[in-house]
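Next up, target.pdb (PDB, C-alpha atoms and all ligand atoms):
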ATOM      1  CA  MET A   1     108.700 106.940  75.705
ATOM      2  CA  LEU A   2     108.537 109.827  73.312
ATOM      3  CA  LEU A   3     107.093 113.301  72.976
ATOM      4  CA  ILE A   4     106.858 115.548  69.907
ATOM      5  CA  ALA A   5     105.457 119.073  69.990
ATOM      6  CA  ASN A   6     105.540 121.856  67.447
ATOM      7  CA  TYR A   7     107.572 124.956  68.321
ATOM      8  CA  GLU A   8     104.438 126.948  69.180
ATOM      9  CA  GLY A   9     103.896 124.392  71.972
ATOM     10  CA  ARG A  10     107.321 124.808  73.547
ATOM     11  CA  SER A  11     106.216 126.306  76.866
ATOM     12  CA  GLY A  12     104.299 123.159  77.842
ATOM     13  CA  VAL A  13     106.915 120.606  76.828
ATOM     14  CA  PRO A  14     108.924 120.427  80.107
ATOM     15  CA  THR A  15     105.729 119.634  82.034
ATOM     16  CA  ALA A  16     104.597 116.989  79.552
ATOM     17  CA  VAL A  17     108.060 115.374  79.666
ATOM     18  CA  GLU A  18     108.115 115.321  83.485
ATOM     19  CA  LEU A  19     104.700 113.645  83.481
ATOM     20  CA  LEU A  20     105.820 111.031  80.970
ATOM     21  CA  LYS A  21     108.941 110.376  83.065
ATOM     22  CA  ALA A  22     106.644 109.858  86.074
ATOM     23  CA  ASN A  23     104.756 107.182  84.090
ATOM     24  CA  THR A  24     101.607 109.277  83.742
ATOM     25  CA  ASN A  25      99.119 108.253  81.055
ATOM     26  CA  GLY A  26     100.535 109.815  77.864
ATOM     27  CA  LEU A  27      97.257 111.459  76.894
ATOM     28  CA  ARG A  28      97.094 113.264  80.244
ATOM     29  CA  ALA A  29     100.743 114.297  79.796
ATOM     30  CA  VAL A  30     100.081 115.996  76.454
ATOM     31  CA  ILE A  31      96.900 117.639  77.761
ATOM     32  CA  GLU A  32      98.776 119.111  80.737
ATOM     33  CA  GLY A  33     101.465 120.407  78.363
ATOM     34  CA  ILE A  34      98.901 122.027  76.072
ATOM     35  CA  LYS A  35      97.089 123.669  78.998
ATOM     36  CA  ILE A  36     100.269 125.612  79.707
ATOM     37  CA  VAL A  37     100.350 126.781  76.090
ATOM     38  CA  GLU A  38      96.668 127.768  76.304
ATOM     39  CA  ASP A  39      97.549 129.966  79.302
ATOM     40  CA  ASP A  40     100.647 131.437  77.631
ATOM     41  CA  ILE A  41      99.730 134.959  76.516
ATOM     42  CA  ASN A  42     102.852 135.189  74.365
ATOM     43  CA  ILE A  43     101.542 132.488  72.046
ATOM     44  CA  HIS A  44      98.965 134.108  69.799
ATOM     45  CA  SER A  45      97.538 131.079  68.045
ATOM     46  CA  VAL A  46      96.375 129.074  71.067
ATOM     47  CA  GLY A  47      94.074 129.826  74.016
ATOM     48  CA  GLN A  48      94.260 133.099  75.846
ATOM     49  CA  SER A  49      95.323 136.198  73.887
ATOM     50  CA  SER A  50      95.120 134.466  70.530
ATOM     51  CA  TRP A  51      93.712 135.855  67.274
ATOM     52  CA  PRO A  52      89.958 136.543  67.138
ATOM     53  CA  ASN A  53      87.649 135.845  64.232
ATOM     54  CA  ILE A  54      86.536 138.651  61.915
ATOM     55  CA  LEU A  55      83.924 139.769  64.462
ATOM     56  CA  GLY A  56      86.562 140.153  67.179
ATOM     57  CA  GLU A  57      85.520 137.009  69.041
ATOM     58  CA  LEU A  58      87.809 134.189  70.088
ATOM     59  CA  GLN A  59      86.424 130.837  68.998
ATOM     60  CA  LEU A  60      88.761 128.056  70.070
ATOM     61  CA  ASP A  61      89.182 124.496  68.787
ATOM     62  CA  ALA A  62      90.838 121.427  70.343
ATOM     63  CA  ALA A  63      90.968 117.658  70.023
ATOM     64  CA  VAL A  64      92.405 114.652  71.843
ATOM     65  CA  MET A  65      92.777 111.008  70.842
ATOM     66  CA  ASP A  66      93.697 107.932  72.866
ATOM     67  CA  GLY A  67      95.439 105.522  70.505
ATOM     68  CA  ASN A  68      94.590 102.464  72.626
ATOM     69  CA  THR A  69      90.825 102.869  72.549
ATOM     70  CA  ARG A  70      90.678 105.121  69.481
ATOM     71  CA  ARG A  71      88.239 107.240  71.453
ATOM     72  CA  THR A  72      88.411 110.914  70.636
ATOM     73  CA  GLY A  73      87.031 114.123  72.052
ATOM     74  CA  ALA A  74      86.910 117.469  70.319
ATOM     75  CA  VAL A  75      85.409 120.929  70.583
ATOM     76  CA  GLY A  76      85.002 123.591  67.924
ATOM     77  CA  ALA A  77      84.252 127.325  68.083
ATOM     78  CA  LEU A  78      84.251 127.259  71.895
ATOM     79  CA  ARG A  79      84.005 130.685  73.544
ATOM     80  CA  GLY A  80      84.802 131.734  77.081
ATOM     81  CA  TYR A  81      86.657 128.727  78.484
ATOM     82  CA  GLN A  82      90.251 128.593  79.620
ATOM     83  CA  HIS A  83      91.185 125.091  78.502
ATOM     84  CA  PRO A  84      89.539 123.851  75.302
ATOM     85  CA  VAL A  85      91.805 120.789  75.347
ATOM     86  CA  GLU A  86      90.449 119.760  78.761
ATOM     87  CA  VAL A  87      86.859 120.232  77.571
ATOM     88  CA  ALA A  88      87.698 118.049  74.538
ATOM     89  CA  TYR A  89      89.041 115.369  76.907
ATOM     90  CA  GLU A  90      85.850 115.521  78.964
ATOM     91  CA  VAL A  91      83.766 115.043  75.796
ATOM     92  CA  MET A  92      85.719 111.813  75.318
ATOM     93  CA  LEU A  93      85.267 110.717  78.937
ATOM     94  CA  ARG A  94      81.665 111.667  79.582
ATOM     95  CA  LEU A  95      79.760 111.498  76.314
ATOM     96  CA  ASP A  96      79.063 109.014  73.591
ATOM     97  CA  HIS A  97      79.844 111.767  71.110
ATOM     98  CA  GLU A  98      83.220 112.674  69.686
ATOM     99  CA  LEU A  99      82.792 116.348  68.697
ATOM    100  CA  LEU A 100      80.792 119.271  70.093
ATOM    101  CA  VAL A 101      80.717 122.760  68.615
ATOM    102  CA  GLY A 102      79.545 126.255  69.453
ATOM    103  CA  GLU A 103      76.717 126.677  71.940
ATOM    104  CA  GLY A 104      76.447 122.944  72.560
ATOM    105  CA  ALA A 105      80.138 122.766  73.470
ATOM    106  CA  GLU A 106      79.720 125.789  75.751
ATOM    107  CA  ARG A 107      76.702 124.271  77.447
ATOM    108  CA  PHE A 108      78.656 121.055  78.051
ATOM    109  CA  ALA A 109      81.646 123.034  79.410
ATOM    110  CA  GLU A 110      79.298 124.823  81.807
ATOM    111  CA  GLU A 111      77.690 121.545  82.930
ATOM    112  CA  ILE A 112      81.027 119.962  83.793
ATOM    113  CA  GLY A 113      82.190 123.111  85.594
ATOM    114  CA  ALA A 114      85.100 123.788  83.201
ATOM    115  CA  SER A 115      87.034 126.906  84.150
ATOM    116  CA  LYS A 116      85.772 130.029  82.412
ATOM    117  CA  ASN A 117      88.012 132.712  81.024
ATOM    118  CA  LYS A 118      87.821 135.843  78.963
ATOM    119  CA  ASN A 119      90.423 134.765  76.433
ATOM    120  CA  GLU A 120      90.355 138.036  74.492
ATOM    121  CA  THR A 121      93.059 140.382  75.756
ATOM    122  CA  ASP A 122      93.822 143.996  74.907
ATOM    123  CA  TYR A 123      96.521 142.714  72.605
ATOM    124  CA  SER A 124      94.236 140.422  70.603
ATOM    125  CA  ILE A 125      91.468 143.025  70.369
ATOM    126  CA  GLN A 126      93.847 145.813  69.365
ATOM    127  CA  SER A 127      95.391 143.581  66.669
ATOM    128  CA  TRP A 128      91.929 142.779  65.340
ATOM    129  CA  LYS A 129      90.919 146.455  65.303
ATOM    130  CA  LYS A 130      94.111 147.374  63.504
ATOM    131  CA  HIS A 131      93.402 144.704  60.925
ATOM    132  CA  LEU A 132      89.833 145.941  60.413
ATOM    133  CA  GLU A 133      91.099 149.486  59.989
ATOM    134  CA  SER A 134      93.433 148.332  57.265
ATOM    135  CA  ILE A 135      90.884 146.370  55.231
ATOM    136  CA  LEU A 136      87.474 148.037  55.559
ATOM    137  CA  THR A 137      86.308 150.725  53.204
ATOM    138  CA  GLU A 138      84.757 153.879  54.669
ATOM    139  CA  GLU A 139      81.316 152.508  53.859
ATOM    140  CA  GLN A 140      82.015 149.084  55.438
ATOM    141  CA  ARG A 141      83.404 150.755  58.564
ATOM    142  CA  LYS A 142      80.140 152.621  59.087
ATOM    143  CA  LEU A 143      78.033 149.499  58.716
ATOM    144  CA  PHE A 144      80.287 146.948  60.472
ATOM    145  CA  PRO A 145      79.419 144.244  61.560
ATOM    146  CA  ASN A 146      76.324 144.417  59.370
ATOM    147  CA  ILE A 147      78.236 143.898  56.166
ATOM    148  CA  ASN A 148      78.810 140.945  53.917
ATOM    149  CA  LEU A 149      81.692 139.178  55.700
ATOM    150  CA  MET A 150      82.318 136.973  52.666
ATOM    151  CA  GLU A 151      83.816 139.954  50.926
ATOM    152  CA  ILE A 152      86.590 140.335  53.475
ATOM    153  CA  LYS A 153      87.231 136.758  54.558
ATOM    154  CA  THR A 154      89.852 135.988  51.928
ATOM    155  CA  ILE A 155      92.336 138.347  53.497
ATOM    156  CA  ALA A 156      92.430 136.460  56.767
ATOM    157  CA  ARG A 157      96.133 136.164  57.539
ATOM    158  CA  ASP A 158      98.216 135.937  60.677
ATOM    159  CA  PRO A 159      99.644 139.344  61.556
ATOM    160  CA  GLU A 160     102.835 137.761  62.886
ATOM    161  CA  LYS A 161     103.076 135.456  59.885
ATOM    162  CA  SER A 162     103.494 132.740  62.461
ATOM    163  CA  PHE A 163     100.242 130.990  61.758
ATOM    164  CA  ASP A 164     100.177 128.003  63.983
ATOM    165  CA  THR A 165      98.396 125.898  66.489
ATOM    166  CA  THR A 166      99.837 123.605  69.050
ATOM    167  CA  VAL A 167     100.086 119.877  68.402
ATOM    168  CA  TYR A 168     101.521 117.200  70.687
ATOM    169  CA  LEU A 169     102.113 113.477  70.115
ATOM    170  CA  SER A 170     103.294 111.031  72.759
ATOM    171  CA  MET A 171     104.177 107.436  73.465
ATOM    172  CA  ASP A 172     103.951 106.634  77.163
ATOM    173  CA  HIS A 173     105.656 103.925  79.252
ATOM    174  CA  THR A 174     102.940 101.413  78.273
ATOM    175  CA  GLY A 175     103.311 102.097  74.535
ATOM    176  CA  ARG A 176     100.063 104.081  74.350
ATOM    177  CA  LEU A 177     100.152 106.632  71.511
ATOM    178  CA  SER A 178      98.192 109.865  72.020
ATOM    179  CA  SER A 179      97.558 113.063  70.129
ATOM    180  CA  ALA A 180      96.209 116.450  71.173
ATOM    181  CA  THR A 181      95.743 119.830  69.504
ATOM    182  CA  SER A 182      94.562 123.307  70.474
ATOM    183  CA  THR A 183      94.174 126.459  68.396
ATOM    184  CA  SER A 184      92.362 129.703  67.740
ATOM    185  CA  GLY A 185      92.490 128.773  64.048
ATOM    186  CA  TRP A 186      93.248 131.321  61.339
ATOM    187  CA  PRO A 187      93.212 134.913  62.490
ATOM    188  CA  TRP A 188      90.176 136.912  61.350
ATOM    189  CA  LYS A 189      88.454 133.728  60.190
ATOM    190  CA  TYR A 190      84.816 133.663  59.174
ATOM    191  CA  PRO A 191      82.714 133.070  62.329
ATOM    192  CA  GLY A 192      82.106 129.367  62.843
ATOM    193  CA  ARG A 193      84.992 128.304  60.625
ATOM    194  CA  LEU A 194      86.620 125.091  61.858
ATOM    195  CA  GLY A 195      90.050 124.152  60.657
ATOM    196  CA  ASP A 196      91.626 120.726  61.000
ATOM    197  CA  SER A 197      92.579 120.990  64.671
ATOM    198  CA  PRO A 198      89.203 119.763  66.002
ATOM    199  CA  ILE A 199      88.688 117.340  63.092
ATOM    200  CA  ILE A 200      90.045 113.928  63.991
ATOM    201  CA  GLY A 201      91.663 112.324  60.963
ATOM    202  CA  ALA A 202      92.509 115.696  59.428
ATOM    203  CA  GLY A 203      94.515 117.583  62.117
ATOM    204  CA  SER A 204      95.365 114.600  64.323
ATOM    205  CA  TYR A 205      95.020 110.850  64.702
ATOM    206  CA  ALA A 206      96.497 108.197  67.003
ATOM    207  CA  ASP A 207      96.421 104.412  66.824
ATOM    208  CA  SER A 208      98.779 102.659  69.251
ATOM    209  CA  ARG A 209      99.109  99.712  66.870
ATOM    210  CA  TYR A 210     100.733 101.778  64.117
ATOM    211  CA  GLY A 211     101.449 105.425  64.804
ATOM    212  CA  ALA A 212     100.148 108.923  65.381
ATOM    213  CA  CYS A 213     100.135 112.108  63.357
ATOM    214  CA  ALA A 214      99.247 115.771  63.832
ATOM    215  CA  CYS A 215      99.274 118.680  61.399
ATOM    216  CA  THR A 216      99.595 122.439  61.464
ATOM    217  CA  GLY A 217      99.123 124.929  58.655
ATOM    218  CA  VAL A 218      96.233 125.244  56.235
ATOM    219  CA  GLY A 219      93.547 123.079  57.824
ATOM    220  CA  GLU A 220      91.351 123.399  54.752
ATOM    221  CA  MET A 221      93.902 121.227  52.911
ATOM    222  CA  THR A 222      94.376 118.512  55.541
ATOM    223  CA  ILE A 223      90.602 118.231  55.960
ATOM    224  CA  ARG A 224      90.283 117.533  52.242
ATOM    225  CA  ALA A 225      93.142 115.033  52.202
ATOM    226  CA  GLY A 226      92.410 113.387  55.582
ATOM    227  CA  THR A 227      96.110 113.828  56.242
ATOM    228  CA  ALA A 228      96.552 112.611  59.841
ATOM    229  CA  ARG A 229      94.433 109.513  59.245
ATOM    230  CA  ILE A 230      96.081 108.692  55.954
ATOM    231  CA  VAL A 231      99.574 108.805  57.450
ATOM    232  CA  VAL A 232      98.510 106.203  60.013
ATOM    233  CA  LEU A 233      96.801 104.186  57.266
ATOM    234  CA  TYR A 234      99.994 104.219  55.190
ATOM    235  CA  LEU A 235     101.840 102.929  58.282
ATOM    236  CA  LYS A 236      99.284 100.146  58.602
ATOM    237  CA  MET A 237      99.846  99.301  54.948
ATOM    238  CA  GLY A 238     103.533  98.759  55.692
ATOM    239  CA  TYR A 239     105.117 102.055  54.634
ATOM    240  CA  GLY A 240     108.093 103.231  56.698
ATOM    241  CA  LEU A 241     107.411 106.371  58.742
ATOM    242  CA  LYS A 242     109.150 108.789  56.375
ATOM    243  CA  ASP A 243     107.531 107.243  53.299
ATOM    244  CA  ALA A 244     104.094 107.382  54.927
ATOM    245  CA  VAL A 245     104.487 111.097  55.597
ATOM    246  CA  LEU A 246     105.885 111.772  52.109
ATOM    247  CA  GLU A 247     102.983 109.902  50.536
ATOM    248  CA  ALA A 248     100.536 112.063  52.522
ATOM    249  CA  ALA A 249     102.465 115.163  51.391
ATOM    250  CA  LYS A 250     102.027 114.042  47.782
ATOM    251  CA  ASP A 251      98.275 113.748  48.397
ATOM    252  CA  LEU A 252      98.330 117.377  49.561
ATOM    253  CA  ALA A 253     100.408 118.391  46.563
ATOM    254  CA  GLY A 254      97.646 117.136  44.282
ATOM    255  CA  LEU A 255      95.223 119.759  45.577
ATOM    256  CA  ARG A 256      94.987 122.611  43.103
ATOM    257  CA  THR A 257      91.930 124.637  44.026
ATOM    258  CA  GLY A 258      90.673 126.216  47.233
ATOM    259  CA  PHE A 259      92.858 127.559  50.038
ATOM    260  CA  ILE A 260      96.334 126.255  49.216
ATOM    261  CA  GLY A 261      99.301 126.978  51.477
ATOM    262  CA  GLU A 262     101.772 125.458  53.878
ATOM    263  CA  VAL A 263     101.247 122.371  56.018
ATOM    264  CA  THR A 264     103.548 120.718  58.558
ATOM    265  CA  ILE A 265     103.098 117.006  59.240
ATOM    266  CA  HIS A 266     104.332 115.607  62.581
ATOM    267  CA  ALA A 267     104.376 111.827  62.913
ATOM    268  CA  ILE A 268     105.558 109.019  65.185
ATOM    269  CA  ASN A 269     105.263 105.259  64.907
ATOM    270  CA  PHE A 270     104.768 102.524  67.477
ATOM    271  CA  THR A 271     108.483 101.674  67.523
ATOM    272  CA  GLY A 272     109.355 105.195  68.674
ATOM    273  CA  GLU A 273     110.532 106.715  65.379
ATOM    274  CA  TYR A 274     109.563 110.307  64.622
ATOM    275  CA  PHE A 275     109.514 112.506  61.528
ATOM    276  CA  VAL A 276     108.394 116.075  60.898
ATOM    277  CA  LEU A 277     107.941 117.419  57.360
ATOM    278  CA  GLY A 278     107.207 120.996  56.320
ATOM    279  CA  VAL A 279     105.282 120.964  53.039
ATOM    280  CA  ASN A 280     106.081 124.047  50.924
ATOM    281  CA  SER A 281     107.257 125.858  54.072
ATOM    282  CA  SER A 282     108.392 129.424  53.509
ATOM    283  CA  ARG A 283     110.423 129.450  56.707
ATOM    284  CA  PRO A 284     112.406 126.885  58.732
ATOM    285  CA  ILE A 285     110.097 124.727  60.817
ATOM    286  CA  LYS A 286     111.211 123.816  64.323
ATOM    287  CA  TYR A 287     109.828 121.212  66.645
ATOM    288  CA  LEU A 288     110.640 119.726  70.038
ATOM    289  CA  ILE A 289     111.503 116.098  70.552
ATOM    290  CA  TRP A 290     112.114 114.146  73.731
ATOM    291  CA  LYS A 291     112.834 110.434  74.037
ATOM    292  CA  ASP A 292     113.556 108.559  77.249
ATOM    293  CA  SER A 293     117.157 108.182  76.056
ATOM    294  CA  MET A 294     117.513 112.018  76.140
ATOM    295  CA  PRO A 295     118.053 113.989  79.384
ATOM    296  CA  SER A 296     115.939 116.909  78.147
ATOM    297  CA  PRO A 297     113.896 117.914  75.083
ATOM    298  CA  ASP A 298     115.754 119.023  71.997
ATOM    299  CA  ILE A 299     114.769 121.571  69.340
ATOM    300  CA  ARG A 300     115.156 120.226  65.795
ATOM    301  CA  ASP A 301     114.540 121.448  62.248
ATOM    302  CA  ALA A 302     111.914 119.695  60.164
ATOM    303  CA  GLU A 303     112.734 118.459  56.691
ATOM    304  CA  ILE A 304     111.164 120.595  53.978
ATOM    305  CA  TYR A 305     109.315 119.178  50.981
ATOM    306  CA  GLU A 306     108.639 121.358  47.938
ATOM    307  CA  THR A 307     105.747 120.214  45.814
ATOM    308  CA  LYS A 308     106.103 122.855  43.109
TER     309      LYS A 308
HETATM  310  N1  LIG B 401      95.713 124.176  61.255
HETATM  311  C1  LIG B 401      95.150 125.337  61.882
HETATM  312  C2  LIG B 401      93.803 125.633  61.292
HETATM  313  O1  LIG B 401      93.616 125.404  60.107
HETATM  314  C3  LIG B 401      95.970 126.574  61.781
HETATM  315  C4  LIG B 401      97.452 126.404  61.837
HETATM  316  O2  LIG B 401      97.975 125.383  62.239
HETATM  317  O3  LIG B 401      98.140 127.344  61.421
HETATM  318  O4  LIG B 401      92.967 126.140  62.005
END
Represent the structure from my file as structure tokens, please.
Amino acid sequence: MLLIANYEGRSGVPTAVELLKANTNGLRAVIEGIKIVEDDINIHSVGQSSWPNILGELQLDAAVMDGNTRRTGAVGALRGYQHPVEVAYEVMLRLDHELLVGEGAERFAEEIGASKNKNETDYSIQSWKKHLESILTEEQRKLFPNINLMEIKTIARDPEKSFDTTVYLSMDHTGRLSSATSTSGWPWKYPGRLGDSPIIGAGSYADSRYGACACTGVGEMTIRAGTARIVVLYLKMGYGLKDAVLEAAKDLAGLRTGFIGEVTIHAINFTGEYFVLGVNSSRPIKYLIWKDSMPSPDIRDAEIYETK
């Protein structure tokens, strides 16, 4: 058994580990871990009290994947629900679709009786207002929100410089590999913007026959490179875990235009190996690892790969 979570997901790790130890289905274990992170108001990139879009609204994204069935469930730009990751799981269970966004996702959440929540807090709204104050001209301030948002979208950056998301990967007692993600995406993003977290194959992928992968960082890059899927494909092609991740990092390094920045790749394989690589990371990247040979989860530093 094995669990990997990024540092932003730390508050949910003890619960996920306990569930794995109790032989719970590994996908449920990672979902229960992520729900704790979604409720954690000290984590500002996931769930409640996270960063709003440029209009001051929280639009949340999440995805899950069961590596045995390769069924997935995902939601994008979901407003007003406490646990996007649970809604994503229900998409997988109850629909023949894999991804719902916006009003459709909200309608589905309502139909299944998902728990509602006002995820915006004073803290997230005040941070957004402060940001607007610092970027709008006098003229734009008067007209807001009836201004051209394209003109201000390029300065969307995390005020804490701790851009993130939460990602979890697990192998349960049956060998099932699972992945799950949850995020508010980039702070002050253009309304409706989806990053990689709800896009299976970009932000996450799991196939119990080979491995699983999940990414954080600039989702625009991993969408273009299909990073999570390609890591698992490289594993299928016979690459070792580290080489598979490095090869995917090289694919990212080839991107020259568009939104270029940092990406962290988390990966496990079906034999229980794990590897986390920070691509062009400007700060040390930490993650949590637990294996059934370890009494409790450990915090480790990712390797860093410079492409320039
Ligand atoms: N990957 C996320 C996104 O693009 C953000 C992050 O992990 O920092 O929405």
Given the file shown, enumerate the residues that the PyMOL selection byres (((chain A and resi 127-139) around 12) and not hetatm) captures and present them as number ranges by chain. A: 44, 49-58, 120-126, 140-149, 151-160, 187-189
Box dimensions and centre (Å, one decimal) enclosing ligand LIG 401 (chain B), axis-aligned, 4 Å extra per side, as JSON:
{"center_x": 95.6, "center_y": 125.8, "center_z": 61.2, "size_x": 13.2, "size_y": 11.2, "size_z": 10.1}
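What the PyMOL selection byres (((chain A and resi 13-17) around 6) and not hetatm) grabs from this file is Arg10, Ser11, Gly12, Glu18, Leu19, Leu20, Ala29, Val30 and Gly33 of chain A.
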Selection result of the PyMOL selection byres (((chain A and resi 276) around 7) and not hetatm) on this file, as a VMD selection string: chain A and resid 265 to 267 274 to 275 277 to 278 302 to 303
May I have the residues within 12 Å of A:Val167 as a short mmCIF file (atom, residue, chain, number, x, y, z; two decimals) with C-alpha atoms, keeping the file's coordinate frame, using all atoms listed in the file and disregarding those fewer than 6 positions away in the same chain?
data_model
loop_
_atom_site.label_atom_id
_atom_site.label_comp_id
_atom_site.auth_asym_id
_atom_site.auth_seq_id
_atom_site.Cartn_x
_atom_site.Cartn_y
_atom_site.Cartn_z
CA LEU A 3 107.09 113.30 72.98
CA ILE A 4 106.86 115.55 69.91
CA ALA A 5 105.46 119.07 69.99
CA ASN A 6 105.54 121.86 67.45
CA TYR A 7 107.57 124.96 68.32
CA GLU A 8 104.44 126.95 69.18
CA GLY A 9 103.90 124.39 71.97
CA ARG A 10 107.32 124.81 73.55
CA GLY A 12 104.30 123.16 77.84
CA VAL A 13 106.92 120.61 76.83
CA VAL A 30 100.08 116.00 76.45
CA ILE A 31 96.90 117.64 77.76
CA GLY A 33 101.46 120.41 78.36
CA ILE A 34 98.90 122.03 76.07
CA LYS A 35 97.09 123.67 79.00
CA VAL A 37 100.35 126.78 76.09
CA GLU A 38 96.67 127.77 76.30
CA SER A 45 97.54 131.08 68.04
CA VAL A 46 96.38 129.07 71.07
CA ASP A 61 89.18 124.50 68.79
CA ALA A 62 90.84 121.43 70.34
CA ALA A 63 90.97 117.66 70.02
CA VAL A 64 92.40 114.65 71.84
CA MET A 65 92.78 111.01 70.84
CA VAL A 85 91.80 120.79 75.35
CA SER A 178 98.19 109.86 72.02
CA SER A 179 97.56 113.06 70.13
CA ALA A 180 96.21 116.45 71.17
CA THR A 181 95.74 119.83 69.50
CA SER A 182 94.56 123.31 70.47
CA THR A 183 94.17 126.46 68.40
CA ASP A 196 91.63 120.73 61.00
CA SER A 197 92.58 120.99 64.67
CA PRO A 198 89.20 119.76 66.00
CA GLY A 203 94.52 117.58 62.12
CA SER A 204 95.36 114.60 64.32
CA TYR A 205 95.02 110.85 64.70
CA ALA A 212 100.15 108.92 65.38
CA CYS A 213 100.14 112.11 63.36
CA ALA A 214 99.25 115.77 63.83
CA CYS A 215 99.27 118.68 61.40
CA THR A 216 99.60 122.44 61.46
CA GLY A 217 99.12 124.93 58.66
CA ALA A 228 96.55 112.61 59.84
CA THR A 264 103.55 120.72 58.56
CA ILE A 265 103.10 117.01 59.24
CA HIS A 266 104.33 115.61 62.58
CA ALA A 267 104.38 111.83 62.91
CA VAL A 276 108.39 116.08 60.90
CA TYR A 287 109.83 121.21 66.64
CA LEU A 288 110.64 119.73 70.04
#
Atom CA of A:Ile289 to atom CA of A:Leu2: how many Å, to one decimal?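 For atom CA of A:Ile289 relative to atom CA of A:Leu2, the distance reads 7.5 Å.
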Interatomic distance between atom CA of A:Leu100 and atom CA of A:Val75?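 We find that atom CA of A:Leu100 and atom CA of A:Val75 lie 4.9 Å from each other.
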Neighbour list for A:Val232 as a VMD selection string, cut-off 12 Å, only C-alpha atoms, skip fewer than 2 positions in-chain: chain A and resid 67 177 201 to 202 204 to 214 226 to 230 234 to 245 247 to 248 265 to 270
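Using all atoms listed in the file, the nearest neighbour of A:Lys21 within the list A:Met171, A:Leu93, A:Leu194, A:Ala105 is A:Met171.
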Just how far from atom CA of A:Asp164 is atom N1 of ligand LIG 401 (chain B), in Å to one decimal?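 Spanning atom N1 of ligand LIG 401 (chain B) to atom CA of A:Asp164 is a straight-line distance of 6.5 Å.
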Selected residue of minimal separation from ligand LIG 401 (chain B) among A:Glu86, A:Glu220, A:Asp96, A:Glu106, counting all atoms listed in the file: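 Under the stated criterion, the closest residue is A:Glu220.
Between A:Glu111 and the residues A:Leu99, A:Ile36, A:Val91, A:Met1, the shortest atom-to-atom distance, using only C-alpha atoms, involves A:Val91.
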For A:Val87, find every residue with an atom within 8 Å (counting only C-alpha atoms), except residues of its own chain fewer than 5 positions away, and show them as a PDB file with C-alpha atoms, in the frame of the given file.
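Final output, saved to part.pdb:
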ATOM      1  CA  ALA A  74      86.910 117.469  70.319  1.00  0.00           C
ATOM      2  CA  VAL A  75      85.409 120.929  70.583  1.00  0.00           C
ATOM      3  CA  ALA A 109      81.646 123.034  79.410  1.00  0.00           C
ATOM      4  CA  ALA A 114      85.100 123.788  83.201  1.00  0.00           C
TER       5      ALA A 114
END
For ligand LIG 401 (chain B), which residue out of A:Asn117, A:Thr307, A:Gln59, A:Asn23 is the nearest one, using only C-alpha atoms and all ligand atoms?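 Using only C-alpha atoms and all ligand atoms, ligand LIG 401 (chain B) sits closest to A:Gln59.
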Have a look at A:Asn280, A:Asn68, A:Arg256, A:Leu60 and name the one nearest to ligand LIG 401 (chain B); count only C-alpha atoms and all ligand atoms.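 Comparing A:Asn280, A:Asn68, A:Arg256, A:Leu60 against ligand LIG 401 (chain B), the winner is A:Leu60.
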Which one of A:His173, A:Arg224, A:Lys308, A:Arg107 sits closest to ligand LIG 401 (chain B) if you count all atoms listed in the file? A:Arg224
